[in-house]
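Below is the file work-v1.txt, which contains compact mmCIF, C-alpha atoms.
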```txt
# COMPACT_ATOMS: atom_id res chain seq x y z
CA MET A 14 -21.18 -1.04 0.68
CA PHE A 15 -21.24 -3.81 3.27
CA SER A 16 -18.43 -5.92 1.82
CA ASP A 17 -16.51 -6.05 5.09
CA ILE A 18 -19.40 -7.47 7.16
CA GLY A 19 -19.06 -11.19 7.79
CA ALA A 20 -21.78 -13.78 8.24
CA LEU A 21 -21.63 -13.66 12.04
CA GLU A 22 -22.02 -9.87 12.10
CA LEU A 23 -24.94 -10.05 9.67
CA VAL A 24 -26.75 -12.64 11.80
CA THR A 25 -26.10 -10.52 14.90
CA LEU A 26 -27.59 -7.45 13.20
CA VAL A 27 -30.71 -9.37 12.11
CA VAL A 28 -31.27 -10.79 15.61
CA LEU A 29 -30.71 -7.36 17.14
CA ALA A 30 -33.18 -5.75 14.68
CA VAL A 31 -35.83 -8.37 15.49
CA LEU A 32 -35.34 -7.78 19.22
CA VAL A 33 -35.40 -3.97 18.99
CA PHE A 34 -38.21 -3.46 16.45
CA GLY A 35 -40.13 -6.70 16.84
CA PRO A 36 -41.32 -8.98 14.04
CA GLU A 37 -44.43 -6.83 13.36
CA LYS A 38 -42.61 -3.53 12.71
CA LEU A 39 -39.46 -4.95 11.10
CA PRO A 40 -40.76 -5.01 7.46
CA LYS A 41 -41.89 -1.36 7.76
CA VAL A 42 -38.49 -0.33 9.18
CA ILE A 43 -36.67 -2.14 6.35
CA GLN A 44 -38.84 -0.35 3.76
CA ASP A 45 -38.18 3.03 5.37
CA VAL A 46 -34.42 2.44 5.53
CA SER A 47 -34.26 1.25 1.92
CA ARG A 48 -36.33 4.25 0.77
CA PHE A 49 -33.96 6.59 2.66
CA ILE A 50 -30.87 4.98 1.09
CA ARG A 51 -32.46 5.22 -2.38
CA LYS A 52 -33.20 8.95 -1.87
CA VAL A 53 -29.65 9.63 -0.67
CA ARG A 54 -28.26 7.90 -3.77
CA GLU A 55 -30.57 9.87 -6.07
CA PHE A 56 -29.56 13.12 -4.35
CA SER A 57 -25.89 12.21 -4.71
CA ASP A 58 -26.25 11.33 -8.40
CA SER A 59 -28.14 14.56 -9.15
CA ALA A 60 -25.50 16.60 -7.31
CA LYS A 61 -22.76 14.91 -9.36
CA GLN A 62 -24.64 15.65 -12.60
CA ASP A 63 -25.11 19.30 -11.57
CA ILE A 64 -21.41 19.68 -10.83
CA ARG A 65 -20.46 18.06 -14.17
CA SER A 66 -22.84 20.34 -16.08
CA GLU A 67 -21.47 23.42 -14.29
CA LEU A 68 -17.86 22.47 -15.03
CA GLY A 69 -18.47 22.43 -18.76
CA PRO A 70 -17.92 20.07 -21.69
CA GLU A 71 -14.18 19.61 -21.08
CA PHE A 72 -14.99 17.79 -17.80
CA LYS A 73 -17.65 15.54 -19.34
CA ASP A 74 -15.78 12.35 -18.45
CA PHE A 75 -14.76 13.60 -15.00
CA GLU A 76 -15.11 11.00 -12.25
CA PHE A 77 -15.28 11.96 -8.59
CA GLU A 78 -13.20 8.90 -7.73
CA ASP A 79 -10.32 10.72 -9.46
CA LEU A 80 -10.26 13.14 -6.53
CA ASN A 81 -8.94 10.36 -4.33
CA PRO A 82 -5.15 11.01 -4.14
CA LYS A 83 -4.31 7.33 -4.57
CA THR A 84 -6.38 7.03 -7.75
CA PHE A 85 -5.06 10.33 -9.10
CA LEU A 86 -1.43 9.34 -8.60
CA ARG A 87 -1.98 5.87 -10.06
CA LYS A 88 -3.51 7.35 -13.22
CA GLN A 89 -0.75 9.92 -13.56
CA LEU A 90 1.98 7.33 -13.10
CA GLU A 91 0.44 4.88 -15.56
CA SER A 92 0.13 7.52 -18.28
CA ASN A 93 3.70 8.82 -17.94
CA GLU A 94 6.05 7.40 -20.61
CA ASP A 95 9.22 8.13 -18.58
CA LEU A 96 8.04 5.80 -15.84
CA LYS A 97 7.76 2.94 -18.29
CA GLU A 98 11.45 3.43 -19.07
CA LEU A 99 12.20 3.50 -15.34
CA LYS A 100 10.37 0.19 -14.87
CA ASP A 101 12.52 -1.34 -17.60
CA LEU A 102 15.65 0.07 -15.98
CA ARG A 103 14.59 -1.22 -12.57
CA GLY A 104 14.38 -4.73 -14.00
CA THR A 105 18.11 -4.60 -14.84
CA PHE A 106 19.16 -3.43 -11.36
CA ASP A 107 20.32 -6.21 -9.01
CA PHE A 108 19.72 -4.90 -5.50
CA LYS A 109 21.35 -7.85 -3.71
CA LYS A 110 24.54 -7.52 -5.73
CA GLU A 111 24.72 -3.78 -5.02
CA MET A 112 24.17 -4.34 -1.28
CA ASN A 113 26.91 -6.98 -1.21
CA GLU A 114 29.31 -4.57 -2.91
CA VAL A 115 28.46 -1.84 -0.38
CA ALA A 116 28.92 -4.27 2.52
CA ASP A 117 32.29 -5.37 1.13
CA ALA A 118 33.38 -1.75 0.76
CA VAL A 119 32.32 -0.94 4.34
CA HIS A 120 34.18 -3.94 5.75
CA GLY A 121 37.24 -3.24 3.59
CA ARG A 122 37.06 -6.50 1.64
CA GLU A 123 37.77 -7.03 -2.00
CA ALA A 124 34.67 -7.76 -4.04
CA THR A 125 35.82 -11.02 -5.63
CA PRO A 126 33.75 -14.17 -6.00
CA ALA A 127 36.34 -16.26 -4.09
CA ALA A 128 36.35 -13.91 -1.10
CA ALA A 129 32.53 -13.73 -0.93
CA PRO A 130 30.95 -15.35 2.14
CA ALA A 131 29.20 -18.68 1.76
CA ALA A 132 25.80 -18.28 0.15
CA VAL A 133 22.65 -19.86 1.46
CA ASN A 134 19.96 -20.24 -1.21
CA GLY A 135 21.90 -17.96 -3.55
CA SER A 136 22.20 -15.02 -1.13
CA PRO A 137 25.14 -14.29 1.18
CA ASP A 138 24.66 -14.05 4.91
CA LEU A 139 25.28 -10.35 5.57
CA LEU A 140 24.52 -10.72 9.28
CA LYS A 141 27.25 -13.31 9.90
CA LYS A 142 30.11 -11.73 11.77
CA GLN A 143 33.42 -11.94 9.94
CA ASP A 144 36.38 -11.99 12.30
CA LYS A 145 39.61 -10.56 10.97
CA ARG A 146 42.88 -12.30 11.74
CA ASP A 147 46.32 -10.77 11.66
CA ASP A 148 49.53 -12.43 10.41
CA GLN A 149 49.99 -14.51 13.61
CA GLY A 150 46.43 -15.90 13.44
CA ALA A 151 45.09 -13.89 16.40
CA ALA A 152 41.73 -12.23 15.99
CA GLU A 153 41.88 -8.46 15.60
CA ARG A 154 40.03 -6.67 18.39
CA PRO A 155 38.14 -3.47 17.78
CA PRO A 156 39.47 -0.33 19.46
CA TYR A 157 38.18 0.29 23.00
CA ASP A 158 36.75 3.70 23.78
CA SER A 159 36.49 4.25 27.53
CA ASP A 160 34.53 7.51 27.10
CA ALA A 161 31.80 5.72 25.19
CA THR A 162 31.04 3.24 27.99
```

Kindly transcribe the structure held in the file into structure tokens.
Amino acid sequence: MFSDIGALELVTLVVLAVLVFGPEKLPKVIQDVSRFIRKVREFSDSAKQDIRSELGPEFKDFEFEDLNPKTFLRKQLESNEDLKELKDLRGTFDFKKEMNEVADAVHGREATPAAAPAAVNGSPDLLKKQDKRDDQGAAERPPYDSDAT
């Protein structure tokens, strides 16, 4: 319940409680708060039991945590056999290779290992600008569109 409260916050709350309620009334306040939390939990558990009994025997193992969309989807995806096949298929797919082929097709290059750009740590630098040269060795300039500027 309070798993996200750190040590500093806990010390601050204790000091604040001592200042607000005083050392004489603090044990009584703690007892009242703990009794209230216990009653809320009992009420919640009895409400869950009532709902389960009203739903019938087919919902005997029903958990209210299953109503959380994340949990529901996770359970549905884990139980589906087709998704296991998709996970196996995904393991055979090489995303970097496919992206390099698409980049080569966009830039009009042949997808050969000799024409591939230099690789750094096994992956090509797709952001490095490749300048194209014509037969005389001059760099090819992109077309200029005066309406676009």

Legend entry - Interatomic distance, atom CA of Ala20 of chain A to atom CA of Lys41 of chain A (Å, one decimal): 23.6 Å

Inset, instruction - Report the distance between atom CA of Ala60 of chain A and atom CA of Leu80 of chain A in Å, rounded to one decimal place. - result: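 If I compute the distance from atom CA of Ala60 of chain A to atom CA of Leu80 of chain A, I get 15.6 Å.
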
Write out as a short mmCIF file (atom, residue, chain, number, x, y, z; two decimals) with C-alpha atoms, in the coordinates of the input the residues lying within 10 Å of segment 61-65 of chain A, counting only C-alpha atoms and excluding same-chain residues fewer than 6 positions away.
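Okay, this is what ended up in result_39.cif:
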```
data_model
loop_
_atom_site.label_atom_id
_atom_site.label_comp_id
_atom_site.auth_asym_id
_atom_site.auth_seq_id
_atom_site.Cartn_x
_atom_site.Cartn_y
_atom_site.Cartn_z
CA GLU A 55 -30.57 9.87 -6.07
CA GLU A 71 -14.18 19.61 -21.08
CA PHE A 72 -14.99 17.79 -17.80
CA LYS A 73 -17.65 15.54 -19.34
CA ASP A 74 -15.78 12.35 -18.45
CA PHE A 75 -14.76 13.60 -15.00
CA GLU A 76 -15.11 11.00 -12.25
CA PHE A 77 -15.28 11.96 -8.59
#
```

Inset, instruction - Quote the spacing between atom CA of Glu37 of chain A and atom CA of Arg54 of chain A in Å to one decimal place. - result: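 Taking atom CA of Glu37 of chain A and atom CA of Arg54 of chain A, their separation equals 27.8 Å.
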